[in-house]
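*Asks:* This one is coords18.cif, mmCIF, C-alpha atoms and all ligand atoms.
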data_my_file
#
loop_
_atom_site.label_atom_id
_atom_site.label_comp_id
_atom_site.auth_asym_id
_atom_site.auth_seq_id
_atom_site.Cartn_x
_atom_site.Cartn_y
_atom_site.Cartn_z
CA MET A 1 -12.74 -56.33 -50.16
CA THR A 2 -14.64 -53.47 -48.53
CA MET A 3 -14.55 -50.29 -50.60
CA VAL A 4 -15.23 -46.76 -49.40
CA PRO A 5 -18.00 -45.36 -51.64
CA SER A 6 -16.67 -42.60 -53.93
CA ASN A 7 -19.28 -40.14 -52.61
CA PHE A 8 -18.45 -40.82 -48.94
CA ALA A 9 -16.86 -37.40 -48.33
CA ALA A 10 -19.89 -35.61 -49.78
CA CYS A 11 -22.20 -37.76 -47.68
CA LEU A 12 -20.21 -36.89 -44.54
CA GLU A 13 -20.72 -33.20 -45.24
CA GLU A 14 -24.44 -33.82 -45.56
CA ILE A 15 -24.42 -35.80 -42.30
CA PHE A 16 -22.66 -33.06 -40.34
CA ALA A 17 -25.17 -30.52 -41.63
CA ALA A 18 -28.09 -32.81 -40.71
CA ILE A 19 -26.95 -33.41 -37.11
CA GLU A 20 -25.77 -29.89 -36.38
CA ASN A 21 -28.81 -29.13 -34.22
CA VAL A 22 -29.41 -32.62 -32.85
CA ASP A 23 -28.33 -33.11 -29.22
CA GLY A 24 -25.88 -35.90 -28.49
CA TRP A 25 -22.33 -36.74 -27.47
CA LEU A 26 -20.72 -38.13 -30.63
CA THR A 27 -17.59 -36.21 -31.58
CA SER A 28 -16.73 -35.49 -35.20
CA ARG A 29 -14.23 -38.35 -35.46
CA GLU A 30 -16.78 -40.72 -33.95
CA VAL A 31 -19.38 -39.55 -36.48
CA GLU A 32 -16.87 -40.29 -39.23
CA PHE A 33 -16.19 -43.76 -37.84
CA LEU A 34 -19.86 -44.65 -37.50
CA ALA A 35 -20.59 -43.36 -41.01
CA LEU A 36 -17.74 -45.46 -42.35
CA ALA A 37 -18.96 -48.61 -40.62
CA ALA A 38 -22.45 -48.03 -42.03
CA ALA A 39 -21.27 -47.13 -45.55
CA CYS A 40 -18.83 -50.05 -45.87
CA PRO A 41 -20.69 -53.27 -45.06
CA THR A 42 -18.35 -56.04 -43.95
CA ALA A 43 -21.11 -58.66 -43.76
CA GLU A 44 -24.73 -59.44 -44.58
CA GLY A 45 -27.55 -58.29 -42.31
CA GLU A 46 -29.14 -55.26 -40.71
CA ILE A 47 -28.02 -52.49 -38.38
CA LEU A 48 -29.17 -52.27 -34.76
CA GLU A 49 -28.67 -49.19 -32.61
CA ILE A 50 -29.02 -49.54 -28.84
CA GLY A 51 -29.57 -46.09 -27.33
CA SER A 52 -30.87 -43.39 -29.66
CA PHE A 53 -31.42 -40.33 -27.46
CA ARG A 54 -32.47 -37.57 -29.92
CA GLY A 55 -31.29 -39.29 -33.11
CA ARG A 56 -27.73 -38.11 -33.72
CA SER A 57 -26.22 -41.54 -34.40
CA ALA A 58 -29.39 -42.91 -36.03
CA ILE A 59 -29.19 -40.14 -38.65
CA VAL A 60 -25.52 -40.95 -39.28
CA LEU A 61 -26.29 -44.65 -39.72
CA ALA A 62 -29.25 -44.05 -42.03
CA LYS A 63 -27.56 -41.54 -44.30
CA ALA A 64 -24.27 -43.44 -44.55
CA SER A 65 -25.81 -46.87 -45.13
CA ALA A 66 -27.79 -45.36 -48.02
CA LEU A 67 -24.43 -45.26 -49.86
CA ALA A 68 -24.23 -49.04 -49.61
CA ASP A 69 -27.01 -51.54 -48.95
CA SER A 70 -29.73 -49.25 -47.47
CA CYS A 71 -30.35 -52.07 -45.01
CA ARG A 72 -33.02 -51.97 -42.34
CA ILE A 73 -31.97 -50.01 -39.25
CA SER A 74 -33.62 -50.68 -35.91
CA ALA A 75 -33.23 -48.31 -32.99
CA VAL A 76 -34.14 -49.24 -29.43
CA ASP A 77 -34.52 -46.76 -26.56
CA PRO A 78 -37.22 -46.35 -23.90
CA HIS A 79 -37.14 -42.58 -24.61
CA PRO A 80 -37.79 -41.45 -21.05
CA VAL A 81 -39.10 -37.90 -20.73
CA SER A 82 -35.99 -36.05 -19.56
CA GLY A 83 -33.80 -33.38 -21.13
CA PRO A 84 -34.98 -31.72 -24.31
CA THR A 85 -38.49 -32.68 -25.48
CA ILE A 86 -41.28 -31.39 -27.71
CA GLU A 87 -45.02 -31.71 -27.25
CA ASP A 88 -46.71 -34.81 -28.58
CA GLU A 89 -50.14 -34.77 -30.23
CA HIS A 90 -51.77 -34.58 -26.77
CA GLY A 91 -49.68 -31.58 -25.70
CA ASN A 92 -47.45 -33.62 -23.36
CA PRO A 93 -43.65 -33.27 -23.35
CA SER A 94 -42.24 -36.17 -25.34
CA ALA A 95 -38.71 -37.36 -26.00
CA ILE A 96 -39.73 -39.85 -28.68
CA ALA A 97 -41.65 -37.14 -30.55
CA LEU A 98 -38.44 -35.09 -30.67
CA PHE A 99 -36.46 -38.15 -31.84
CA GLU A 100 -38.96 -38.76 -34.64
CA ALA A 101 -39.07 -35.07 -35.58
CA ASN A 102 -35.27 -35.02 -35.86
CA LEU A 103 -35.33 -38.12 -38.09
CA ARG A 104 -38.03 -36.56 -40.27
CA GLU A 105 -36.10 -33.30 -40.54
CA ALA A 106 -33.02 -35.27 -41.68
CA GLY A 107 -35.15 -37.16 -44.22
CA VAL A 108 -34.50 -40.60 -42.70
CA ARG A 109 -37.64 -41.35 -40.67
CA ASP A 110 -38.74 -44.08 -43.10
CA ARG A 111 -35.37 -45.85 -42.77
CA ILE A 112 -35.57 -46.46 -39.01
CA GLU A 113 -37.67 -49.07 -37.25
CA ILE A 114 -38.25 -47.62 -33.78
CA HIS A 115 -38.58 -49.79 -30.67
CA GLN A 116 -39.60 -47.80 -27.59
CA MET A 117 -38.48 -50.24 -24.92
CA LEU A 118 -35.38 -51.44 -23.07
CA SER A 119 -32.83 -53.30 -25.17
CA GLY A 120 -33.13 -56.38 -22.92
CA GLU A 121 -36.81 -56.59 -23.77
CA LEU A 122 -36.13 -56.28 -27.50
CA ALA A 123 -33.48 -59.00 -27.26
CA THR A 124 -36.11 -61.50 -26.14
CA GLN A 125 -38.03 -60.90 -29.40
CA TRP A 126 -35.09 -60.41 -31.79
CA ASP A 127 -34.38 -62.94 -34.56
CA ARG A 128 -32.73 -61.04 -37.42
CA PRO A 129 -29.10 -61.19 -38.63
CA LEU A 130 -26.93 -58.15 -37.91
CA ARG A 131 -24.04 -56.67 -39.88
CA LEU A 132 -23.51 -53.76 -37.47
CA LEU A 133 -24.34 -53.72 -33.76
CA TRP A 134 -23.97 -50.22 -32.26
CA ILE A 135 -24.10 -50.24 -28.45
CA ASP A 136 -24.70 -46.82 -26.85
CA GLY A 137 -27.44 -47.43 -24.26
CA ASP A 138 -26.94 -48.32 -20.60
CA HIS A 139 -23.19 -47.76 -20.05
CA THR A 140 -22.93 -49.76 -16.81
CA TYR A 141 -21.15 -53.13 -16.84
CA THR A 142 -24.42 -55.00 -16.36
CA GLY A 143 -26.30 -52.93 -18.93
CA ALA A 144 -23.67 -53.21 -21.66
CA LYS A 145 -23.25 -56.93 -20.98
CA ILE A 146 -27.00 -57.50 -21.36
CA ASP A 147 -26.77 -55.71 -24.72
CA TYR A 148 -23.78 -57.66 -25.96
CA ASP A 149 -25.05 -61.02 -24.72
CA GLY A 150 -28.57 -60.37 -26.01
CA PHE A 151 -27.64 -59.46 -29.57
CA SER A 152 -24.22 -60.98 -30.31
CA PRO A 153 -25.83 -64.34 -31.26
CA TYR A 154 -27.26 -62.53 -34.33
CA LEU A 155 -23.93 -61.24 -35.67
CA THR A 156 -23.24 -62.61 -39.13
CA ASP A 157 -19.75 -63.69 -40.16
CA GLY A 158 -17.70 -60.50 -40.65
CA ALA A 159 -20.13 -58.23 -38.78
CA MET A 160 -18.99 -55.12 -36.89
CA VAL A 161 -19.65 -54.42 -33.23
CA ALA A 162 -19.05 -50.91 -31.95
CA PHE A 163 -19.41 -49.70 -28.36
CA HIS A 164 -19.50 -46.01 -27.49
CA ASP A 165 -17.64 -44.60 -24.48
CA VAL A 166 -15.16 -47.41 -23.94
CA LEU A 167 -12.41 -44.80 -23.47
CA THR A 168 -14.54 -42.95 -20.90
CA PRO A 169 -14.82 -44.12 -17.26
CA PHE A 170 -17.88 -46.37 -17.61
CA GLY A 171 -18.59 -50.06 -16.96
CA CYS A 172 -18.99 -50.75 -20.69
CA THR A 173 -15.17 -50.55 -21.01
CA GLN A 174 -14.84 -53.84 -19.13
CA VAL A 175 -17.49 -55.49 -21.33
CA PHE A 176 -15.60 -54.40 -24.46
CA LYS A 177 -12.37 -55.78 -23.03
CA GLU A 178 -13.88 -59.14 -22.10
CA ALA A 179 -16.15 -59.66 -25.10
CA ILE A 180 -14.18 -58.13 -27.98
CA LEU A 181 -10.50 -57.96 -26.99
CA GLU A 182 -10.43 -61.18 -24.98
CA GLY A 183 -13.07 -62.99 -27.03
CA PRO A 184 -11.58 -65.39 -29.58
CA HIS A 185 -13.99 -64.41 -32.36
CA PHE A 186 -12.93 -60.79 -32.94
CA GLY A 187 -10.24 -59.33 -35.19
CA PRO A 188 -9.42 -56.78 -36.44
CA VAL A 189 -10.24 -54.45 -33.53
CA GLY A 190 -9.55 -50.81 -32.76
CA PHE A 191 -10.63 -47.49 -31.30
CA CYS A 192 -11.70 -44.17 -32.74
CA GLY A 193 -12.42 -41.41 -30.25
CA SER A 194 -14.19 -43.20 -27.44
CA ILE A 195 -15.63 -45.88 -29.75
CA GLY A 196 -14.23 -49.40 -29.53
CA TRP A 197 -14.90 -51.67 -32.51
CA GLY A 198 -14.27 -55.23 -33.56
CA ARG A 199 -15.09 -57.51 -36.46
CA PHE A 200 -16.78 -60.80 -35.62
CA ARG A 201 -15.57 -64.00 -37.30
CA ALA A 202 -17.77 -67.05 -36.99
CA ASP A 203 -14.64 -69.19 -37.36
CA ALA A 204 -12.27 -68.11 -34.57
CA THR A 205 -9.20 -69.22 -36.55
CA GLU A 206 -9.86 -66.24 -38.87
CA ALA A 207 -9.40 -63.91 -35.87
CA ARG A 208 -6.25 -65.63 -34.60
CA PRO A 209 -3.76 -63.42 -36.55
CA PHE A 210 -5.00 -60.49 -34.42
CA ALA A 211 -4.46 -62.21 -31.06
CA ALA A 212 -1.16 -60.53 -30.13
CA GLU A 213 -2.42 -57.05 -30.99
CA LYS A 214 -5.62 -57.70 -29.03
CA GLU A 215 -3.68 -58.87 -26.01
CA ILE A 216 -1.65 -55.65 -25.90
CA LEU A 217 -4.80 -53.52 -26.21
CA ALA A 218 -6.58 -55.57 -23.54
CA ARG A 219 -3.67 -55.01 -21.13
CA ARG A 220 -3.75 -51.26 -21.78
CA LEU A 221 -7.54 -51.08 -21.58
CA ALA A 222 -7.51 -52.96 -18.25
CA ARG A 223 -6.05 -49.79 -16.68
CA LEU A 224 -9.20 -47.89 -17.72
CA CYS A 225 -11.56 -50.47 -16.20
CA GLY A 226 -13.22 -50.47 -12.79
CA TYR A 227 -15.33 -47.33 -13.17
CA ASP A 228 -19.10 -47.20 -13.46
CA THR A 229 -19.40 -43.46 -14.07
CA PRO A 230 -16.99 -40.55 -14.76
CA ASP A 231 -17.85 -39.25 -11.25
CA ASP A 232 -15.73 -42.12 -9.85
CA CYS A 233 -12.67 -40.84 -11.72
CA ARG A 234 -11.40 -37.59 -10.23
CA GLY A 235 -8.17 -35.88 -9.17
CA LEU A 236 -5.07 -38.07 -9.43
CA LYS A 237 -7.15 -41.01 -10.67
CA LYS A 238 -8.27 -38.84 -13.58
CA LEU A 239 -4.69 -37.83 -14.43
CA TYR A 240 -3.64 -41.50 -14.42
CA TYR A 241 -6.69 -42.38 -16.51
CA HIS A 242 -5.76 -39.80 -19.17
CA LEU A 243 -2.16 -40.99 -19.20
CA CYS A 244 -3.24 -44.61 -19.70
CA ARG A 245 -5.78 -43.66 -22.36
CA SER A 246 -3.08 -41.84 -24.35
CA ARG A 247 -1.34 -45.24 -24.78
CA ILE A 248 -4.35 -46.59 -26.71
CA PRO A 249 -4.42 -45.43 -30.34
CA HIS A 250 -7.80 -43.75 -30.95
CA ALA A 251 -7.12 -41.09 -33.57
CA ARG A 252 -9.30 -40.06 -36.50
CA LEU A 253 -9.31 -42.80 -39.14
CA ASP A 254 -8.31 -42.64 -42.75
CA PRO A 255 -11.37 -44.14 -44.52
CA SER A 256 -9.47 -46.27 -47.06
CA ASP A 257 -7.01 -47.56 -44.46
CA TRP A 258 -9.87 -48.50 -42.17
CA ALA A 259 -11.81 -50.26 -44.94
CA ARG A 260 -8.71 -52.27 -45.85
CA ARG A 261 -8.04 -53.17 -42.21
CA ALA A 262 -11.67 -53.90 -41.39
CA ALA A 263 -11.92 -56.35 -44.25
CA ALA A 264 -8.73 -58.19 -43.27
C1 LIG A 301 -25.70 -41.74 -24.81
S1 LIG A 301 -27.39 -41.76 -25.19
C2 LIG A 301 -27.39 -42.34 -26.86
C3 LIG A 301 -26.90 -41.33 -27.82
C4 LIG A 301 -27.13 -41.68 -29.27
N1 LIG A 301 -26.57 -42.97 -29.63
C5 LIG A 301 -26.51 -40.62 -30.13
O1 LIG A 301 -25.35 -40.76 -30.54
O2 LIG A 301 -27.16 -39.62 -30.38
C6 LIG A 301 -27.96 -43.16 -24.31
C7 LIG A 301 -29.40 -43.52 -24.58
O3 LIG A 301 -29.56 -44.86 -24.17
C8 LIG A 301 -30.85 -45.01 -23.68
N2 LIG A 301 -30.85 -46.22 -22.83
C9 LIG A 301 -30.41 -46.37 -21.56
N3 LIG A 301 -30.56 -47.64 -21.16
C10 LIG A 301 -31.10 -48.31 -22.20
C11 LIG A 301 -31.48 -49.66 -22.43
N4 LIG A 301 -31.34 -50.58 -21.49
N5 LIG A 301 -32.01 -49.99 -23.62
C12 LIG A 301 -32.12 -49.07 -24.60
N6 LIG A 301 -31.76 -47.79 -24.45
C13 LIG A 301 -31.26 -47.41 -23.28
C14 LIG A 301 -31.15 -43.72 -22.94
O4 LIG A 301 -32.55 -43.52 -22.85
C15 LIG A 301 -30.44 -42.70 -23.83
O5 LIG A 301 -31.33 -42.10 -24.74
#
I'd like the structure from this file rewritten - as structure tokens, please.
Ligand SMILES: C[S@@+](CC[C@H](N)C(=O)[O-])C[C@H]1O[C@@H](n2cnc3c(N)ncnc32)[C@H](O)[C@@H]1O

*Replies:*
Amino acid sequence: MTMVPSNFAACLEEIFAAIENVDGWLTSREVEFLALAAACPTAEGEILEIGSFRGRSAIVLAKASALADSCRISAVDPHPVSGPTIEDEHGNPSAIALFEANLREAGVRDRIEIHQMLSGELATQWDRPLRLLWIDGDHTYTGAKIDYDGFSPYLTDGAMVAFHDVLTPFGCTQVFKEAILEGPHFGPVGFCGSIGWGRFRADATEARPFAAEKEILARRLARLCGYDTPDDCRGLKKLYYHLCRSRIPHARLDPSDWARRAAA
């Protein structure tokens, strides 16, 4: 049984304060979900983040997992120099220097193993078991599939997989549908904000009780597939998209309910 730590609410407050000035796209309900998944381990292993940007989700994962197993957290991102940067020790604009500075400021730098490279490259070297795989890197179909295919072999029994932006017009929606909703090894599954999540079961018969629910969600999610970027979804298409998305439950989660469901 997965329990929500008694100090989870206090930790969330601390997390929101720590990320207040860190750029990123996670909404408050998504921050709550990610914190919950980190604070309530459903399996043995480490946490891997694909796509760090300036550290918003890495800070959430580090602070929340400290309530539970304080497991190793790895974060992979090539950190290209674009958007906000600070100067590195040579006076050059640097995205990774800003990422590290944000982690230090939040007091979690020592918790994160940083890999400055593409996720596909890291996958060729990876050999460690994962309890939480957080995919928020290349949102195209090909990119998200490389991430899922590269790291899913390391999911331990009961591990969580969470994809960002599956309820946003990106190619990763289709990967989530195929791998998690149509894959026989996942259940329970769900959405929170634009995050899609699923629990991996090594023995597919353990996931079978969730098959009907997954089939309904897969049918609804299919209507949101076929986009590679939000620019492809405009005008009437956008109205239809929003209508179809409203049929997929993705509200803020009650922590205890989620923990009960996630452990099912
Ligand atoms: C949406 S941002 C991540 C936001 C971050 N998770 C957060 O919540 O603050 C996407 C990031 O993925 C990185 N990225 C894109 N393709 C990647 C890949 N193939 N491997 C690793 N990171 C990638 C980009 O450099 C960018 O920083």

*Asks:* In Å, with one decimal, what is the gap from atom C3 of ligand LIG 301 (chain A) to atom CA of Ile195 of chain A?

*Replies:*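 These two atoms are separated by 12.3 Å.
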
*Asks:* Nearest to Leu34 of chain A: which of A:Phe99, A:Tyr227, A:Phe191, A:Phe151 is it, counting only C-alpha atoms?

*Replies:* A:Phe191

*Asks:* Nearest to ligand LIG 301 (chain A) among A:Phe8, A:Phe176, A:Tyr141, A:Tyr241, with distances taken over only C-alpha atoms and all ligand atoms: which residue is it?

*Replies:*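 Distance minimum relative to ligand LIG 301 (chain A) lands on A:Tyr141.
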
*Asks:* Dump the neighbourhood of ligand LIG 301 (chain A) as a short mmCIF file (atom, residue, chain, number, x, y, z; two decimals) with C-alpha atoms, keeping the file's coordinate frame: all residues within 7 Å, distances computed on all atoms listed in the file.

*Replies:*
data_model
loop_
_atom_site.label_atom_id
_atom_site.label_comp_id
_atom_site.auth_asym_id
_atom_site.auth_seq_id
_atom_site.Cartn_x
_atom_site.Cartn_y
_atom_site.Cartn_z
CA ASP A 23 -28.33 -33.11 -29.22
CA GLY A 24 -25.88 -35.90 -28.49
CA TRP A 25 -22.33 -36.74 -27.47
CA LEU A 26 -20.72 -38.13 -30.63
CA ILE A 50 -29.02 -49.54 -28.84
CA GLY A 51 -29.57 -46.09 -27.33
CA SER A 52 -30.87 -43.39 -29.66
CA PHE A 53 -31.42 -40.33 -27.46
CA ARG A 54 -32.47 -37.57 -29.92
CA GLY A 55 -31.29 -39.29 -33.11
CA ARG A 56 -27.73 -38.11 -33.72
CA SER A 57 -26.22 -41.54 -34.40
CA ALA A 58 -29.39 -42.91 -36.03
CA VAL A 76 -34.14 -49.24 -29.43
CA ASP A 77 -34.52 -46.76 -26.56
CA PRO A 78 -37.22 -46.35 -23.90
CA HIS A 79 -37.14 -42.58 -24.61
CA PRO A 80 -37.79 -41.45 -21.05
CA MET A 117 -38.48 -50.24 -24.92
CA LEU A 118 -35.38 -51.44 -23.07
CA SER A 119 -32.83 -53.30 -25.17
CA GLY A 120 -33.13 -56.38 -22.92
CA ASP A 136 -24.70 -46.82 -26.85
CA GLY A 137 -27.44 -47.43 -24.26
CA ASP A 138 -26.94 -48.32 -20.60
CA GLY A 143 -26.30 -52.93 -18.93
#

*Asks:* Given only C-alpha atoms as the basis, pick out the residue of A:Glu121, A:Ala162, A:Ser94, A:Asn102 nearest to Ile47 of chain A.

*Replies:*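 Using only C-alpha atoms, the shortest distance to Ile47 of chain A belongs to A:Ala162.
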
*Asks:* When you count all atoms listed in the file, which of these residues is closest to Glu100 of chain A: A:Ala17, A:Ile59, A:Ala37, A:Leu130?

*Replies:*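 Using all atoms listed in the file, the shortest distance to Glu100 of chain A belongs to A:Ile59.
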
*Asks:* To one decimal place, how far is atom CA of Phe33 of chain A from atom CA of Ala66 of chain A in Å?

*Replies:*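 Computing the Euclidean distance for atom CA of Phe33 of chain A and atom CA of Ala66 of chain A yields 15.5 Å.
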
*Asks:* Hey, which of A:Gly183, A:Cys225, A:Gly196, A:Pro230 ends up closest to Arg208 of chain A? Count only C-alpha atoms.

*Replies:*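 Checking each candidate against Arg208 of chain A, we get A:Gly183 as the closest.
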
*Asks:* Using only C-alpha atoms, which of A:Arg29, A:His242, A:Arg223, A:Arg109 sits nearest Lys63 of chain A?

*Replies:*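 Answer, going by the shortest atom-to-atom distance: A:Arg109.
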
*Asks:* So that I can see what lies close to Asn92 of chain A, please list as JSON, numbers by chain the residues with an atom at most 10 Å from it, counting all atoms listed in the file and leaving out residues fewer than 6 positions away in the same chain.

*Replies:* {"A": [81, 85, 86]}

*Asks:* Identify, on the basis of only C-alpha atoms, every residue whose closest approach to Leu181 of chain A does not exceed 9 Å; exclude the query and any residue fewer than 5 positions from it along the same chain; express the result as number ranges by chain.

*Replies:* A: 176, 186-187, 189, 198, 211, 214-215, 217-218

*Asks:* To one decimal place in Å, what is the distance between atom CA of Asp157 of chain A and atom CA of Leu48 of chain A?

*Replies:*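 For atom CA of Asp157 of chain A relative to atom CA of Leu48 of chain A, the distance reads 15.8 Å.
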